[in-house]
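Written out below as structure tokens is the structure these notes cover.
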Amino acid sequence: MNIPNKYGTVETYLNQRRKEKALCLPLIDPVNQNLDLLVDTVRELEKNNADALLVGGSTMVDVTFLDDVILKIKSISQIPVILFPNNITGISKNADAILYMMLMNSENTYYVVEAQVLGSGLIYKYHIEPIPTGYIVINAGSAVSHIGHARPLPNNRELISLYSLAAKYFGFRLLYLEGGSGTVLPISSDMVEAAKKYFNGLLIVGGGIRDKRTATSLLKAGADGLVIGNLLEEKNGANKFSEISSLLKSY
Ligand code: 1GP
């Protein structure tokens with residue numbers, strides 16, 4: 001795929017990286033961070049070929065701390081920081097880019113477009129690069145589903161195909177399939193395969209990815225990148241993360 005020059009720096013970089021390997025996108029939730037320990041975490045993630053760091057979380061509202069977390073990352077690393085906002089309080093002037101997301105299956109217009117309208121002035125003011133993103137919550141029971149008033153998609157190929165087509169027609173350049181942070185039921189490879197068939201931008205998958213087997217099935221189905229959050233904080237998580245990140249190099 002030729003990368004149009006309307007893309008910003010971070011998006012161009014992600015697409016270029018994708019030509020070499022599947023994207024490794026660790027998610028740092030500021031709510032759980034200790035700024036001193038964060039330094040070691042970021043160094044470890046860099047060592048494991050993280051392509052960019054997503055920063056955000058479903059319940060995060062402390063903008064000052066979010067600023068501090070990103071500043072800390074920036075003080076020790078060149079790795080791009082991409083905001084993964086849950087609301088307008090998920091915007092920080094210190095980030096490089098933001099997933100400018102429409103929660104496509106929210107029942108509440110606030111999460112479909114109003115928060116985005118309110119946030120756009122800050123994004124403009126601070127020159128944060130917006131990456132147009134469709135965000136779809138699959139499976140019920142997660143924090144994001146509750147907070148975002150989502151009507152979660154069941155495991156249904158036809159529905160995800162239609163949503164993926166809609167994402168394409170809206171002109172989103174990234175589509176994020178969300179299984180819910182910490183879920184024991186990651187998105188099925190069937191759903192990823194169907195989405196891949198109809199969406200032609202970067203297809204990112206997250207939620208409950210904790211082992212090589214799950215990662216392999218998602219990558220085989222066509223995921224361009226994996227978002228991994230909870231695993232980073234779990235016992236033995238570093239080893240498993242390292243295994244998954246090695247795997248990403250072969251897709
Ligand atoms: C959550 O998809 C992300 O929004 C990551 O999920 O924390 O389960 O890895 P996990």
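Here, A, B, ... name the chains of the structure tokens in the order displayed, residue numbers run from 1 inside each chain, and ligands are numbered from 1 in the same displayed order.
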Distance filter 6 Å around ligand 1, atoms: only C-alpha atoms and all ligand atoms, out as a list in words: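 Residues satisfying the distance criterion: Glu178, Gly180, Ser181, Gly182, Thr183, Gly206, Gly207, Gly208, Ile209, Val227, Ile228, Gly229, Asn230 and Leu231 of chain A.
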Residue contacts of A:Pro132 (7 Å, only C-alpha atoms) excluding same-chain residues fewer than 5 positions away, as a count of residues only: 6
Nearby residues (only C-alpha atoms) at most 9 Å from A:Asn34, same-chain spacing under 4 positions excluded, as a PyMOL selection string: chain A and resi 30+38+69
Give me a file of those residues, with all heavy atoms, as a PDB file, in the first residue's frame.
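Here's the written file part-v6.pdb:
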```pdb
ATOM      1  N   PRO A  30      -2.407   4.880  32.977  1.00  0.00           N
ATOM      2  CA  PRO A  30      -1.795   5.765  33.972  1.00  0.00           C
ATOM      3  C   PRO A  30      -2.295   5.488  35.392  1.00  0.00           C
ATOM      4  O   PRO A  30      -1.553   5.699  36.356  1.00  0.00           O
ATOM      5  CB  PRO A  30      -2.220   7.169  33.530  1.00  0.00           C
ATOM      6  CG  PRO A  30      -2.561   7.024  32.105  1.00  0.00           C
ATOM      7  CD  PRO A  30      -3.068   5.630  31.924  1.00  0.00           C
ATOM      8  N   LEU A  38       7.915   3.035  36.209  1.00  0.00           N
ATOM      9  CA  LEU A  38       7.576   3.214  34.792  1.00  0.00           C
ATOM     10  C   LEU A  38       8.837   3.219  33.912  1.00  0.00           C
ATOM     11  O   LEU A  38       8.818   2.718  32.788  1.00  0.00           O
ATOM     12  CB  LEU A  38       6.797   4.524  34.635  1.00  0.00           C
ATOM     13  CG  LEU A  38       6.331   4.890  33.239  1.00  0.00           C
ATOM     14  CD1 LEU A  38       5.353   3.849  32.690  1.00  0.00           C
ATOM     15  CD2 LEU A  38       5.649   6.261  33.252  1.00  0.00           C
ATOM     16  N   VAL A  69       2.977  11.179  33.447  1.00  0.00           N
ATOM     17  CA  VAL A  69       3.338   9.841  32.943  1.00  0.00           C
ATOM     18  C   VAL A  69       3.978   9.966  31.556  1.00  0.00           C
ATOM     19  O   VAL A  69       5.037   9.391  31.281  1.00  0.00           O
ATOM     20  CB  VAL A  69       2.089   8.915  32.901  1.00  0.00           C
ATOM     21  CG1 VAL A  69       2.324   7.684  32.042  1.00  0.00           C
ATOM     22  CG2 VAL A  69       1.694   8.498  34.313  1.00  0.00           C
TER      23      VAL A  69
END
```
Nearest-residue call for A:Gln33, choices A:Lys19, A:Gly141, A:Ile70, A:Leu218, using only C-alpha atoms: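 Smallest distance to A:Gln33 is found for A:Ile70.
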8 Å contact set for A:Val144, only C-alpha atoms, chain neighbours under 3 positions out, as an MDAnalysis selection string: chainID A and resid 58 137 147:148 150 180:181
All residues 9 Å or closer to A:Val113, only C-alpha atoms, same chain fewer than 3 positions away omitted, as a ChimeraX atom specification: /A:101-103,109-110,116-118
Expected answer as a PyMOL selection string: helix (DSSP H, G or I) residues in stretch 3-249 of chain A: chain A and resi 9-20+30-32+35-47+63-76+88-90+109-125+143-147+157-170+189-198+212-220+230-233+237-248
Within 12 Å of stretch 88-93 of chain A, which residues of stretch 15-55 of chain A come that close, and what is the closest atom pair and distance in Å for each? Count only C-alpha atoms and give it as a Markdown table.
```
| residue | atom | partner | partner_atom | distance |
| --- | --- | --- | --- | --- |
| A:Asp29 | CA | A:Gly90 | CA | 10.7 |
| A:Pro30 | CA | A:Gly90 | CA | 10.0 |
| A:Val31 | CA | A:Gly90 | CA | 11.5 |
| A:Leu54 | CA | A:Gly90 | CA | 11.4 |
| A:Val55 | CA | A:Gly90 | CA | 8.6 |
```
For the selection you just gave me, I'd like the residues written to a file as a short mmCIF file (atom, residue, chain, number, x, y, z; two decimals), in the first residue's frame, keeping N, CA and C atoms.
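Everything below was put into again_31.cif:
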```
data_model
loop_
_atom_site.label_atom_id
_atom_site.label_comp_id
_atom_site.auth_asym_id
_atom_site.auth_seq_id
_atom_site.Cartn_x
_atom_site.Cartn_y
_atom_site.Cartn_z
N ASP A 29 -1.74 2.02 31.32
CA ASP A 29 -2.87 2.68 31.97
C ASP A 29 -2.30 3.55 33.10
N PRO A 30 -2.41 4.88 32.98
CA PRO A 30 -1.80 5.76 33.97
C PRO A 30 -2.29 5.49 35.39
N VAL A 31 -3.52 4.98 35.52
CA VAL A 31 -4.09 4.73 36.84
C VAL A 31 -3.19 3.80 37.66
N LEU A 54 0.66 2.98 23.68
CA LEU A 54 -0.66 3.58 23.86
C LEU A 54 -0.77 3.96 25.32
N VAL A 55 -1.30 5.13 25.59
CA VAL A 55 -1.47 5.55 26.98
C VAL A 55 -2.93 5.96 27.20
#
```
